[in-house]
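Undergrad: The structure file my_file.csv (CSV, C-alpha atoms) is provided below.
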chain,number,residue,atom,x,y,z
A,1,MET,CA,-40.1,22.1,156.0
A,2,ALA,CA,-39.7,19.3,158.5
A,3,PRO,CA,-36.5,19.6,160.6
A,4,TYR,CA,-35.5,16.1,159.7
A,5,ALA,CA,-34.8,15.3,156.0
A,6,SER,CA,-35.6,11.6,155.7
A,7,ASP,CA,-37.5,9.2,153.5
A,8,ASP,CA,-40.6,9.1,155.8
A,9,SER,CA,-43.5,11.5,155.5
A,10,THR,CA,-44.2,13.9,158.4
A,11,THR,CA,-47.5,15.1,159.9
A,12,GLY,CA,-47.8,18.2,162.2
A,13,GLY,CA,-48.2,16.0,165.3
A,14,GLU,CA,-45.2,13.9,164.3
A,15,ALA,CA,-43.2,17.1,163.8
A,16,ASP,CA,-44.0,18.1,167.4
A,17,GLU,CA,-42.9,14.7,168.6
A,18,ARG,CA,-39.7,15.1,166.8
A,19,ARG,CA,-39.0,18.4,168.4
A,20,SER,CA,-39.7,16.8,171.8
A,21,GLY,CA,-37.3,14.0,170.8
A,22,ARG,CA,-34.6,16.6,170.1
A,23,ARG,CA,-35.0,18.2,173.5
A,24,LYS,CA,-34.9,14.8,175.2
A,25,ALA,CA,-31.8,13.8,173.1
A,26,ALA,CA,-30.0,17.0,174.2
A,27,ARG,CA,-31.0,16.4,177.8
A,28,TYR,CA,-30.5,12.7,178.2
A,29,VAL,CA,-27.6,11.7,176.1
A,30,VAL,CA,-25.2,10.0,178.6
A,31,PRO,CA,-21.5,11.0,178.4
A,32,VAL,CA,-19.8,7.7,178.0
A,33,THR,CA,-16.7,7.8,180.0
A,34,VAL,CA,-15.3,10.3,182.3
A,35,MET,CA,-17.8,13.0,181.7
A,36,GLY,CA,-16.7,16.5,181.5
A,37,VAL,CA,-13.0,16.0,181.0
A,38,ALA,CA,-11.1,17.2,178.1
A,39,ALA,CA,-10.4,19.8,175.6
A,40,ALA,CA,-12.0,22.3,173.5
A,41,THR,CA,-13.6,21.6,170.4
A,42,ILE,CA,-7.0,12.6,164.7
A,43,GLY,CA,-5.2,11.1,162.0
A,44,LEU,CA,-8.3,9.4,161.4
A,45,VAL,CA,-9.5,6.3,163.2
A,46,PRO,CA,-10.1,3.2,161.0
A,47,ALA,CA,-12.9,3.7,158.4
A,48,LEU,CA,-16.4,3.1,159.6
A,49,ALA,CA,-17.1,0.3,157.1
A,50,ASP,CA,-13.7,-1.4,157.0
A,51,SER,CA,-15.3,-4.7,158.2
A,52,GLY,CA,-18.3,-4.5,155.8
A,53,ASP,CA,-21.6,-2.8,156.4
A,54,PRO,CA,-23.9,-4.9,158.6
A,55,ASP,CA,-27.5,-5.7,157.6
A,56,LEU,CA,-29.7,-4.1,160.2
A,57,PRO,CA,-33.4,-3.3,160.3
A,58,LYS,CA,-34.4,0.0,158.7
A,59,ILE,CA,-34.7,2.9,161.0
A,60,THR,CA,-35.7,6.6,160.6
A,61,ALA,CA,-33.7,9.6,161.7
A,62,GLN,CA,-36.3,10.3,164.4
A,63,GLN,CA,-36.2,6.8,165.7
A,64,LEU,CA,-32.4,6.8,165.8
A,65,ILE,CA,-32.3,10.0,167.8
A,66,GLU,CA,-34.9,8.6,170.2
A,67,LYS,CA,-32.7,5.5,170.5
A,68,ILE,CA,-29.7,7.7,171.5
A,69,ALA,CA,-32.0,9.5,174.0
A,70,LYS,CA,-33.0,6.3,175.6
A,71,SER,CA,-29.4,5.0,175.8
A,72,ASP,CA,-28.5,4.3,179.4
A,73,VAL,CA,-25.0,2.9,179.3
A,74,GLN,CA,-23.6,2.9,182.9
A,75,GLN,CA,-20.6,0.6,182.6
A,76,LEU,CA,-18.0,0.4,179.8
A,77,SER,CA,-14.3,0.3,179.1
A,78,GLY,CA,-12.4,0.9,175.9
A,79,THR,CA,-9.9,2.8,173.8
A,80,VAL,CA,-10.7,6.0,172.0
A,81,LYS,CA,-8.7,7.7,169.2
A,82,ILE,CA,-9.4,11.5,168.9
A,83,SER,CA,-7.9,14.0,166.6
A,84,THR,CA,-8.6,17.6,165.8
A,85,ASP,CA,-7.3,19.5,162.7
A,86,LEU,CA,-8.5,23.0,162.9
A,87,GLY,CA,-5.9,24.2,160.3
A,88,LEU,CA,-4.4,26.8,162.6
A,89,PRO,CA,-1.6,28.9,161.1
A,90,ASP,CA,1.9,27.3,161.2
A,91,LEU,CA,3.8,29.4,163.8
A,92,GLY,CA,6.9,27.3,163.7
A,93,GLY,CA,5.9,25.1,166.7
A,94,LEU,CA,4.4,28.0,168.7
A,95,GLU,CA,1.1,26.3,169.0
A,96,SER,CA,2.5,23.1,170.4
A,97,SER,CA,4.8,25.1,172.7
A,98,LEU,CA,1.8,27.0,174.1
A,99,MET,CA,-0.1,23.8,174.6
A,100,SER,CA,2.9,22.2,176.4
A,101,GLY,CA,3.3,25.4,178.5
A,102,ALA,CA,-0.4,25.4,179.4
A,103,ALA,CA,-0.1,21.7,180.5
A,104,GLY,CA,2.5,22.7,183.0
A,105,GLN,CA,0.7,25.7,184.4
A,106,GLY,CA,-2.2,24.2,186.3
A,107,GLU,CA,-3.5,25.4,189.6
A,108,GLY,CA,-0.6,25.5,192.1
A,109,GLY,CA,1.8,24.8,189.2
A,110,SER,CA,1.1,21.1,189.2
A,111,SER,CA,1.4,19.4,185.8
A,112,ALA,CA,-1.1,16.9,187.1
A,113,ASP,CA,-3.9,19.5,187.3
A,114,PRO,CA,-6.6,18.3,184.9
A,115,THR,CA,-7.7,21.8,184.0
A,116,ALA,CA,-4.4,22.3,182.2
A,117,LYS,CA,-3.3,18.8,181.2
A,118,LEU,CA,-6.4,17.9,179.2
A,119,THR,CA,-6.1,21.0,177.1
A,120,GLU,CA,-3.8,18.9,175.0
A,121,LEU,CA,-6.8,17.2,173.5
A,122,ALA,CA,-7.6,20.4,171.6
A,123,SER,CA,-4.9,19.7,169.1
A,124,GLY,CA,-3.4,16.8,167.3
A,125,THR,CA,-3.9,13.0,167.6
A,126,HIS,CA,-4.3,11.3,170.9
A,127,THR,CA,-5.2,7.8,172.3
A,128,LEU,CA,-7.4,7.6,175.4
A,129,ARG,CA,-8.2,4.6,177.6
A,130,VAL,CA,-11.6,5.1,179.2
A,131,ALA,CA,-13.7,3.3,181.8
A,132,ALA,CA,-16.9,4.0,183.7
A,133,ASP,CA,-19.1,2.4,186.3
A,134,GLY,CA,-22.0,4.7,187.0
A,135,PRO,CA,-21.9,8.3,188.0
A,136,ASP,CA,-19.4,7.8,190.8
A,137,LYS,CA,-16.6,6.0,189.1
A,138,GLN,CA,-14.8,7.1,185.9
A,139,LYS,CA,-11.3,6.9,184.6
A,140,LEU,CA,-9.5,8.5,181.7
A,141,SER,CA,-5.9,7.9,180.7
A,142,LEU,CA,-4.1,10.0,178.1
A,143,LEU,CA,-1.4,7.8,176.5
A,144,GLU,CA,1.8,9.7,175.5
A,145,ASN,CA,5.3,8.8,174.4
A,146,ALA,CA,6.6,6.6,177.2
A,147,ALA,CA,4.3,8.4,179.7
A,148,GLU,CA,0.7,8.5,180.8
A,149,TYR,CA,-1.7,11.0,182.3
A,150,SER,CA,-4.6,9.5,184.3
A,151,LEU,CA,-7.7,11.2,185.8
A,152,VAL,CA,-9.6,9.0,188.2
A,153,HIS,CA,-13.0,9.8,189.9
A,154,ASN,CA,-13.9,7.3,192.7
A,155,GLY,CA,-16.6,8.5,195.0
A,156,LYS,CA,-15.8,11.8,196.5
A,157,ASP,CA,-12.1,11.8,195.4
A,158,VAL,CA,-10.7,13.0,192.1
A,159,TRP,CA,-7.1,12.2,191.3
A,160,GLY,CA,-4.9,13.4,188.5
A,161,TYR,CA,-1.5,11.7,187.9
A,162,ASP,CA,1.2,12.7,185.5
A,163,SER,CA,3.7,9.8,185.3
A,164,LYS,CA,6.2,12.0,183.3
A,165,SER,CA,6.7,14.4,186.2
A,166,ASN,CA,5.6,12.0,188.9
A,167,GLU,CA,3.1,14.6,190.1
A,168,VAL,CA,-0.3,14.0,191.7
A,169,TYR,CA,-3.3,16.4,191.9
A,170,HIS,CA,-6.0,15.6,194.4
A,171,GLY,CA,-9.5,17.2,194.6
A,172,THR,CA,-13.0,16.3,195.5
A,173,ALA,CA,-16.0,15.8,193.3
A,174,SER,CA,-18.8,18.4,193.6
A,175,GLU,CA,-22.3,17.3,194.7
A,176,SER,CA,-23.8,20.6,193.8
A,177,PRO,CA,-25.7,21.1,190.6
A,178,GLN,CA,-24.2,24.5,190.1
A,179,HIS,CA,-20.9,22.8,189.1
A,180,GLU,CA,-22.6,20.9,186.2
A,181,LYS,CA,-21.1,23.3,183.7
A,182,GLU,CA,-18.8,24.0,180.8
A,183,GLN,CA,-16.7,20.9,180.1
A,184,PRO,CA,-15.5,20.4,176.5
A,185,PRO,CA,-16.1,17.0,174.9
A,186,ALA,CA,-13.7,14.0,174.9
A,187,THR,CA,-15.6,11.0,173.5
A,188,PRO,CA,-17.9,10.2,170.6
A,189,LYS,CA,-20.9,10.4,173.0
A,190,ASP,CA,-19.9,13.9,174.2
A,191,PHE,CA,-19.4,15.2,170.7
A,192,ALA,CA,-22.7,13.7,169.5
A,193,GLU,CA,-24.5,15.4,172.4
A,194,GLU,CA,-23.2,18.8,171.2
A,195,ALA,CA,-24.2,18.1,167.6
A,196,LEU,CA,-27.8,17.1,168.7
A,197,LYS,CA,-28.1,20.4,170.7
A,198,ALA,CA,-27.6,22.3,167.4
A,199,VAL,CA,-30.5,20.4,165.6
A,200,ASP,CA,-33.4,22.6,164.7
A,201,ASP,CA,-35.3,23.7,161.6
A,202,THR,CA,-32.1,24.8,159.9
A,203,THR,CA,-30.7,21.2,160.1
A,204,SER,CA,-31.1,18.1,157.9
A,205,VAL,CA,-30.9,14.8,159.8
A,206,THR,CA,-30.8,11.5,157.9
A,207,VAL,CA,-29.8,7.9,158.4
A,208,ASP,CA,-27.0,7.0,155.9
A,209,GLY,CA,-26.8,3.2,156.1
A,210,THR,CA,-24.8,1.1,158.6
A,211,ALA,CA,-21.2,0.5,159.6
A,212,GLN,CA,-19.0,-1.4,162.0
A,213,VAL,CA,-17.1,0.4,164.7
A,214,ALA,CA,-14.8,-1.4,167.2
A,215,GLY,CA,-16.5,-4.7,166.2
A,216,ARG,CA,-20.0,-3.3,166.9
A,217,ASP,CA,-22.9,-3.0,164.4
A,218,ALA,CA,-23.9,0.6,164.1
A,219,TYR,CA,-26.2,3.0,162.2
A,220,LYS,CA,-24.9,6.2,160.7
A,221,LEU,CA,-26.7,9.4,161.6
A,222,VAL,CA,-25.8,12.3,159.4
A,223,ILE,CA,-26.4,15.9,160.4
A,224,LYS,CA,-26.0,18.8,157.9
A,225,PRO,CA,-26.8,22.5,157.9
A,226,LYS,CA,-29.6,23.4,155.4
A,227,GLN,CA,-28.3,26.9,155.1
A,228,SER,CA,-25.4,28.0,152.9
A,229,GLY,CA,-22.5,30.0,154.4
A,230,SER,CA,-21.6,27.7,157.3
A,231,THR,CA,-18.1,26.2,157.5
A,232,VAL,CA,-19.7,23.0,158.8
A,233,GLY,CA,-20.1,20.4,156.0
A,234,ALA,CA,-21.6,17.5,157.8
A,235,VAL,CA,-21.5,15.6,161.1
A,236,SER,CA,-21.6,11.8,161.0
A,237,VAL,CA,-22.4,9.8,164.1
A,238,ALA,CA,-22.1,6.0,164.3
A,239,VAL,CA,-24.7,4.8,166.8
A,240,ASP,CA,-24.4,1.4,168.4
A,241,ALA,CA,-27.4,-0.7,167.1
A,242,GLU,CA,-27.9,-2.5,170.4
A,243,THR,CA,-27.3,0.2,173.1
A,244,GLY,CA,-27.9,3.4,171.2
A,245,MET,CA,-24.6,4.8,172.3
A,246,PRO,CA,-22.5,6.8,169.8
A,247,LEU,CA,-19.3,5.0,168.9
A,248,LYS,CA,-17.8,7.4,166.4
A,249,PHE,CA,-18.1,11.1,165.6
A,250,THR,CA,-16.8,12.8,162.5
A,251,LEU,CA,-17.1,16.5,161.6
A,252,THR,CA,-16.1,17.4,158.1
A,253,PRO,CA,-15.8,21.0,156.9
A,254,ALA,CA,-17.7,22.5,154.0
A,255,SER,CA,-14.3,23.2,152.4
A,256,GLY,CA,-13.6,19.5,152.1
A,257,GLY,CA,-10.5,17.5,153.0
A,258,ALA,CA,-9.7,15.7,156.3
A,259,ALA,CA,-12.1,15.8,159.2
A,260,VAL,CA,-11.9,18.7,161.6
A,261,VAL,CA,-12.8,16.4,164.5
A,262,ASP,CA,-12.7,12.6,164.3
A,263,ALA,CA,-13.2,10.6,167.5
A,264,GLY,CA,-14.1,7.0,167.7
A,265,PHE,CA,-13.7,3.8,169.7
A,266,THR,CA,-11.2,1.3,168.4
A,267,GLN,CA,-12.2,-1.1,171.2
A,268,VAL,CA,-15.1,-1.1,173.6
A,269,SER,CA,-16.8,-3.4,176.1
A,270,PHE,CA,-20.0,-2.8,178.0
A,271,ALA,CA,-19.0,-5.2,180.8
A,272,LYS,CA,-18.6,-3.9,184.3
A,273,PRO,CA,-15.0,-2.8,184.9
A,274,ALA,CA,-13.1,-4.3,187.8
A,275,ALA,CA,-13.4,-2.3,190.9
A,276,SER,CA,-9.6,-2.0,191.1
A,277,THR,CA,-9.7,0.0,187.8
A,278,PHE,CA,-10.7,3.1,189.9
A,279,ASP,CA,-8.3,2.6,192.8
A,280,PHE,CA,-5.5,5.1,193.1
A,281,THR,CA,-2.7,5.6,195.6
A,282,PRO,CA,-0.1,8.3,195.0
A,283,PRO,CA,3.2,6.6,194.0
A,284,LYS,CA,6.1,6.8,196.4
A,285,GLY,CA,8.0,10.0,196.0
A,286,ALA,CA,5.3,11.7,194.0
A,287,LYS,CA,4.6,15.4,194.6
A,288,VAL,CA,1.0,15.7,195.7
A,289,THR,CA,-0.9,19.0,195.2
A,290,GLU,CA,-4.2,19.4,197.1
A,291,GLU,CA,-7.0,21.4,195.5
A,292,LYS,CA,-7.2,24.7,197.3
A,293,ASP,CA,-9.9,26.5,195.3
A,294,ALA,CA,-12.8,24.8,193.6
A,295,GLY,CA,-12.9,27.4,190.8
A,296,LYS,CA,-14.5,27.1,187.4
A,297,GLY,CA,-13.3,24.1,185.5
A,298,SER,CA,-11.6,22.6,188.6
A,299,ALA,CA,-11.4,18.9,189.4
A,300,LYS,CA,-14.6,19.2,191.4
A,301,ASP,CA,-16.5,19.0,188.2
A,302,PHE,CA,-15.0,15.8,187.0
A,303,GLY,CA,-17.7,13.1,186.4
A,304,LYS,CA,-20.6,15.6,186.6
A,305,GLY,CA,-23.2,14.8,184.0
A,306,PHE,CA,-22.5,11.1,183.7
A,307,GLU,CA,-25.8,10.1,185.3
A,308,LYS,CA,-28.7,9.9,182.9
A,309,GLY,CA,-30.3,13.3,182.6
A,310,GLY,CA,-27.3,15.2,183.8
A,311,PRO,CA,-27.0,18.3,181.7
A,312,ARG,CA,-23.9,19.6,179.9
A,313,GLU,CA,-24.2,23.3,179.4
A,314,HIS,CA,-21.1,24.2,177.4
A,315,ALA,CA,-22.7,24.2,173.9
A,316,PRO,CA,-25.3,26.8,173.0
A,317,LYS,CA,-28.3,25.7,171.0
A,318,SER,CA,-28.7,27.5,167.7
A,319,GLY,CA,-26.3,30.2,169.0
A,320,ASP,CA,-28.9,31.5,171.5
A,321,ASP,CA,-26.5,31.6,174.4
A,322,LEU,CA,-23.2,32.3,172.6
A,323,GLY,CA,-22.8,35.5,174.5
A,324,LYS,CA,-23.7,34.2,177.9
A,325,GLY,CA,-21.0,35.4,180.3
A,326,LEU,CA,-19.6,38.1,178.0
A,327,ASP,CA,-21.0,41.6,178.6
A,328,GLY,CA,-22.5,43.2,175.6
A,329,MET,CA,-22.3,40.2,173.3
A,330,LYS,CA,-25.1,39.7,170.8
A,331,THR,CA,-26.0,37.0,168.4
A,332,ILE,CA,-26.8,37.6,164.7
A,333,GLY,CA,-28.6,35.1,162.5
A,334,GLU,CA,-29.9,31.6,163.5
A,335,GLY,CA,-28.9,28.0,163.5
A,336,TRP,CA,-25.5,27.1,162.0
A,337,ASN,CA,-25.1,30.6,160.6
A,338,SER,CA,-25.2,32.3,164.1
A,339,ILE,CA,-22.6,34.9,164.5
A,340,ALA,CA,-21.5,36.2,167.9
A,341,THR,CA,-20.5,39.9,168.0
A,342,PHE,CA,-19.3,42.3,170.7
A,343,ASP,CA,-17.5,45.6,171.0
A,344,THR,CA,-14.1,45.5,172.7
A,345,GLY,CA,-14.1,49.3,173.0
A,346,GLY,CA,-10.6,49.3,171.7
A,347,GLU,CA,-8.9,50.2,168.4
A,348,GLY,CA,-8.8,46.8,166.8
A,349,MET,CA,-5.7,44.8,166.0
A,350,PRO,CA,-2.4,46.5,165.1
A,351,SER,CA,-1.9,46.3,161.4
A,352,GLY,CA,0.5,47.3,158.6
A,353,GLU,CA,3.3,49.8,159.0
A,354,ALA,CA,1.4,51.7,161.7
A,355,GLY,CA,1.5,48.6,163.8
A,356,GLY,CA,5.3,48.1,163.5
A,357,ASP,CA,6.6,44.6,163.7
A,358,LEU,CA,3.6,43.4,165.6
A,359,GLY,CA,1.3,44.8,162.9
A,360,GLY,CA,3.2,42.9,160.2
A,361,PHE,CA,3.0,39.7,162.2
A,362,VAL,CA,-0.8,40.1,162.7
A,363,ASP,CA,-1.2,40.8,158.9
A,364,SER,CA,0.7,37.6,158.2
A,365,LEU,CA,-1.8,35.6,160.2
A,366,GLY,CA,-5.1,37.1,159.0
A,367,ASP,CA,-6.6,38.5,155.8
A,368,LYS,CA,-7.4,42.2,155.5
A,369,VAL,CA,-11.0,42.9,154.5
A,370,THR,CA,-13.0,46.1,153.8
A,371,GLY,CA,-16.6,46.9,153.5
A,372,LYS,CA,-19.3,49.4,154.6
A,373,PHE,CA,-18.0,48.9,158.2
A,374,GLY,CA,-14.6,50.1,157.3
A,375,SER,CA,-11.7,47.7,157.4
A,376,GLY,CA,-10.5,44.8,159.6
A,377,THR,CA,-8.8,41.5,159.7
A,378,VAL,CA,-10.3,38.0,159.4
A,379,PHE,CA,-8.5,35.2,161.3
A,380,SER,CA,-9.5,31.8,160.0
A,381,THR,CA,-9.4,28.1,160.9
A,382,ARG,CA,-11.1,25.3,159.0
A,383,LEU,CA,-14.1,25.7,161.3
A,384,VAL,CA,-14.2,28.9,163.2
A,385,ASN,CA,-13.6,32.4,161.6
A,386,ALA,CA,-13.4,35.7,163.4
A,387,LEU,CA,-13.4,39.3,162.1
A,388,ILE,CA,-11.9,42.0,164.2
A,389,THR,CA,-12.6,45.5,162.8
A,390,ASP,CA,-10.2,48.3,163.0
A,391,ASP,CA,-12.6,50.1,165.5
A,392,GLY,CA,-12.6,47.1,167.9
A,393,LYS,CA,-15.7,45.2,167.0
A,394,VAL,CA,-15.5,41.4,166.9
A,395,TYR,CA,-17.6,39.0,164.8
A,396,VAL,CA,-17.1,35.2,165.2
A,397,GLY,CA,-18.9,32.1,164.1
A,398,LEU,CA,-18.9,28.8,162.2
A,399,VAL,CA,-19.4,30.8,159.0
A,400,THR,CA,-17.4,31.9,156.0
A,401,LYS,CA,-15.3,35.1,155.8
A,402,ASP,CA,-17.9,36.6,153.4
A,403,ALA,CA,-20.7,36.0,156.0
A,404,LEU,CA,-18.7,37.8,158.6
A,405,VAL,CA,-18.1,40.8,156.4
A,406,LYS,CA,-21.8,40.9,155.5
A,407,ALA,CA,-22.7,40.8,159.2
A,408,ALA,CA,-20.3,43.7,159.9
A,409,ASP,CA,-21.8,45.7,157.0
A,410,ALA,CA,-25.3,45.1,158.3
A,411,GLY,CA,-24.3,46.4,161.7
A,412,LYS,CA,-23.4,49.9,160.3
Please render this file's structure as structure tokens.

TA:
Amino acid sequence: MAPYASDDSTTGGEADERRSGRRKAARYVVPVTVMGVAAATIGLVPALADSGDPDLPKITAQQLIEKIAKSDVQQLSGTVKISTDLGLPDLGGLESSLMSGAAGQGEGGSSADPTAKLTELASGTHTLRVAADGPDKQKLSLLENAAEYSLVHNGKDVWGYDSKSNEVYHGTASESPQHEKEQPPATPKDFAEEALKAVDDTTSVTVDGTAQVAGRDAYKLVIKPKQSGSTVGAVSVAVDAETGMPLKFTLTPASGGAAVVDAGFTQVSFAKPAASTFDFTPPKGAKVTEEKDAGKGSAKDFGKGFEKGGPREHAPKSGDDLGKGLDGMKTIGEGWNSIATFDTGGEGMPSGEAGGDLGGFVDSLGDKVTGKFGSGTVFSTRLVNALITDDGKVYVGLVTKDALVKAADAGK
């Protein structure tokens, strides 16, 4: 079956061209703002079609993916709303406390360190102001209650500023390709790039009409797993009809309900931002922390990948690289049903009476399961599920609890 489910017929040669298009899309999608900053994988932004569906020329899924691949937006400014709803257990505010704690535990203890501050995007609803002028100038501002966190890349300098604590973090942008690495997505363009990397023969890709986003006419690209057993229901990407740039990204779970991730522009302009947008001078009295070590995820990586063709390596394609960097990790299955598994060499999670108070707490967060593999505990979100067996083996993926149990049984 052709990898793209659409209303146009497909020859063998055209299928090869489509595969080539997918590779180009994964390689050339241009992160739209301040590449590489943000959180892991929104009260929803306004509905895609709230201004009426525009009448646009018909386009196939392959043509729309090629349009994204050819997109070369270098200048823009705008406002993005992003929200994540993973459905994590309610721990009485523990999750938000941990996030707040992480935000204040950056390198050198600076609350302005981007490696810590931007982890806040991994949970809840946030408003971002973004601007970009080519690969050397980007700015992202995270708007909070009566406060603002800004990350500015201008030439060789990278500045992080937390107005709440009046702290500044200063680093330098890397010029080495080895630093083009794992940066979680922050904008519709970033999220769309990750989704396109997952497109293969296990995926259906269609065009589902048109929409208006931030006053712009757009096509709607819909990506769905063909396989059963995945927690992913569908990915919808609103693609700007003129520029080919993704304007809105929505990931809905197979279980239904609100989106797990919803990120979209509420305002956008492709005019060149004023040069002063990227100027930064530490405010009087601010505590300035200089970057001492350009470790993984440091400010040196801010802005990498903005240039056309700049790779972003943090999302594996079809699960092939899920275990990269973790000794002994293997991948079971293919496509959206890929499951990463490894052996901790331990005794699993504390559980039941034998685990005391901690065992009872763990049991309250997960579901006990049994099978040919023995017994274990499944920890679930609306997207990612993980099984930890009592003998220390771990199975994790964008799959259902039953799929994890089946994989563990097959490993016996």

Undergrad: Smallest atom-to-atom distance to Ala132 (chain A): which of A:Lys248, A:Lys272, A:Lys287, A:Lys393, using all atoms listed in the file?

TA: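 When distances to Ala132 (chain A) are compared using all atoms listed in the file, the smallest one comes from A:Lys272.
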
Undergrad: Tell me which of A:Ile68, A:Leu221, A:Ile332, A:Ala112 sits closest to Gly411 (chain A), counting only C-alpha atoms.

TA: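 Of the candidates, the smallest distance to Gly411 (chain A) is held by A:Ile332.
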
Undergrad: Which of these residues is nearest to Ala386 (chain A), using only C-alpha atoms: A:Thr370, A:Thr341, A:Gln75, A:Asn166?

TA: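 Ranking A:Thr370, A:Thr341, A:Gln75, A:Asn166 by distance to Ala386 (chain A), first place goes to A:Thr341.
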
Undergrad: When distances are computed from all atoms listed in the file, which of A:Gly376, A:Gly78, A:Pro57, A:Pro283 shows the smallest separation from Leu247 (chain A)?

TA: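 Closest to Leu247 (chain A), using all atoms listed in the file: A:Gly78.
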
Undergrad: Between CA of Ala173 (chain A) and CA of Tyr161 (chain A), what is the distance, to one decimal in Å?

TA: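 For CA of Ala173 (chain A) relative to CA of Tyr161 (chain A), the distance reads 16.0 Å.
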
Undergrad: Measure the distance from CA of Ile65 (chain A) to CA of Ser236 (chain A) in Å and round it to one decimal.

TA: 12.8 Å

Undergrad: Please list as a compact mmCIF listing (two decimals) with C-alpha atoms, keeping the file's coordinate frame every residue within 8 Å of Ser255 (chain A), counting only C-alpha atoms and excluding residues in the same chain fewer than 3 positions away.

TA:
# COMPACT_ATOMS: atom_id res chain seq x y z
CA THR A 231 -18.10 26.20 157.50
CA GLY A 233 -20.10 20.40 156.00
CA ARG A 382 -11.10 25.30 159.00

Undergrad: When distances are computed from all atoms listed in the file, which of A:Gln267, A:Pro253, A:Thr115, A:Asp217 shows the smallest separation from Gly171 (chain A)?

TA: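 Checking each of A:Gln267, A:Pro253, A:Thr115, A:Asp217 against Gly171 (chain A), counting all atoms listed in the file, the winner is A:Thr115.
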